[in-house]
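Engineer: Quick one: structure below, then a few questions.
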Amino acid sequence: MDIPDLHPWNVTYEEAIKIQKCLKDKVILKKIDRRINYIAGLDVSYAKGANTIWTGVVVLDFPSLVKIEERWAQSKVSFPYIPGLLSFREIPALLDILTKIEVEPDLIFCDGQGIAHPRGLGIASHLGVLLRKPTIGCAKSRLVGEFDPVGEDRGEHVYLRYQNRIIGAVVRTRSRVKPVFISPGYGVVLKDCIRFVLETCPTYRIPEPTRQAHLLVNSVRCNGVRS
């Protein structure tokens, strides 16, 4: 996968904010007009009390959701944990693992936010701008925005609003189970995000691509495997 080098990663807090504000204008949201054959999920697992992380990518066939490929790596992070700046902590390691996959995905799921972010550039949007590839942010909790109560049945959803605009949706992927927070990252509209999330949640609350990536990185971390 070809990954352009748009900006440095070893930056200060102020520089990171400036980069986010600049890249926000590069986020393009549009309806996907081609067939999606492969979907990837990304996730990161941290060593407790250390700066060691395990990153993983799992590529699934779509719509069968059969696993095609998986890769993982162990590395160190240098950027501190700061809410709203997660991409500067995790994306360098995610880019490294994405260069190792042989099957290039048509759509990427991130465990985090897309445009549902204080500056409109969560990790899914940041990654999408870098890759110029459709990305969806699917988080377990809200970062910003307000929403009405969600119905209890699978598929029901309400819009997530921030500063008088729609930035995502709160979607019930399983009946009477906590909803997930979905937002477009790059190259995809919210309506398609909701559809793809529901199509990749046949059994569990979390979309299968990121669920599989989560299982992968936690497995290698807990088993003490080194790349």
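Going through the structure tokens in order, the chains are called A, B, and so on, while each chain numbers its residues from 1 and the ligands are numbered from 1 in the order shown.
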Quick one: residues within 6 Å of region 177-190 of chain A, only C-alpha atoms counted, chain neighbours fewer than 2 positions away excluded, as a list of chain:residue names?
Structural biologist: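 Final neighbour list, sorted by chain and number: A:Val27, A:Ile28, A:Leu29, A:Lys30, A:Lys31, A:Ile32, A:Gly114, A:Ile115, A:Ala116, A:Ala124, A:Ser125, A:Gly128, A:Pro134, A:Thr135, A:Ile136, A:Gly137, A:Cys138, A:Ala139, A:Lys140, A:Gly168, A:Ala169, A:Val170, A:Val171, A:Arg172, A:Arg174, A:Ser175, A:Asp192, A:Cys193.
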Engineer: For the interface of region 30-77 of chain A with region 86-102 of chain A (cut-off 10 Å, counting only C-alpha atoms), please tabulate each contacting residue of region 30-77 of chain A alongside its nearest pair of atoms and their separation in Å to one decimal, rows sorted by chain and increasing number, as a Markdown table.
Structural biologist:
```
| residue | atom | partner | partner_atom | distance |
| --- | --- | --- | --- | --- |
| A:Ala40 | CA | A:Leu98 | CA | 9.8 |
| A:Leu42 | CA | A:Leu94 | CA | 7.6 |
| A:Asp43 | CA | A:Leu94 | CA | 8.3 |
| A:Val44 | CA | A:Glu90 | CA | 7.5 |
| A:Ile53 | CA | A:Ala93 | CA | 8.5 |
| A:Trp54 | CA | A:Ala93 | CA | 8.5 |
| A:Thr55 | CA | A:Leu94 | CA | 6.3 |
| A:Gly56 | CA | A:Ile97 | CA | 6.9 |
| A:Val57 | CA | A:Ile97 | CA | 7.0 |
| A:Val58 | CA | A:Ile101 | CA | 9.0 |
| A:Val59 | CA | A:Ile101 | CA | 8.6 |
| A:Ile68 | CA | A:Glu102 | CA | 9.9 |
| A:Glu69 | CA | A:Ile101 | CA | 7.5 |
| A:Glu70 | CA | A:Ile101 | CA | 7.6 |
| A:Arg71 | CA | A:Ile101 | CA | 6.8 |
| A:Trp72 | CA | A:Ile97 | CA | 6.4 |
| A:Ala73 | CA | A:Ile97 | CA | 6.5 |
| A:Gln74 | CA | A:Ala93 | CA | 8.5 |
| A:Ser75 | CA | A:Ala93 | CA | 7.0 |
| A:Lys76 | CA | A:Ala93 | CA | 8.3 |
| A:Val77 | CA | A:Arg89 | CA | 6.2 |
```
Engineer: Identify, on the basis of only C-alpha atoms, every residue whose closest approach to Leu143 (chain A) does not exceed 9 Å; exclude the query and any residue fewer than 6 positions from it along the same chain; express the result as a list of chain:residue names.
Structural biologist: A:Pro83, A:Gly84, A:Gln113, A:Ala116, A:His117, A:Pro118
Engineer: Using only C-alpha atoms, find the one residue out of A:Val144, A:Ala16, A:Gly112, A:Lys191 that sits nearest to Val158 (chain A).
Structural biologist: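 Under the stated criterion, the closest residue is A:Lys191.
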Engineer: List every residue of region 19-146 of chain A that DSSP, applied to the backbone, labels as strand (DSSP E), and write the result as a VMD selection string.
Structural biologist: chain A and resid 38 to 46 52 to 61 67 to 76 107 to 110 135 to 139
Engineer: Could you work out how far CA of Ile3 (chain A) lies from CA of Ile82 (chain A), giving the answer in Å with one decimal?
Structural biologist: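 Between CA of Ile82 (chain A) and CA of Ile3 (chain A) the gap is 24.8 Å.
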Engineer: Tell me which of A:Leu130, A:Arg119, A:Ile194, A:Asn37 sits closest to Arg154 (chain A), counting only C-alpha atoms.
Structural biologist: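 So, comparing all the options, the nearest one is A:Ile194.
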Engineer: What does the distance between CA of Leu107 (chain A) and CA of Tyr46 (chain A) come to in Å, to one decimal place?
Structural biologist: 24.8 Å
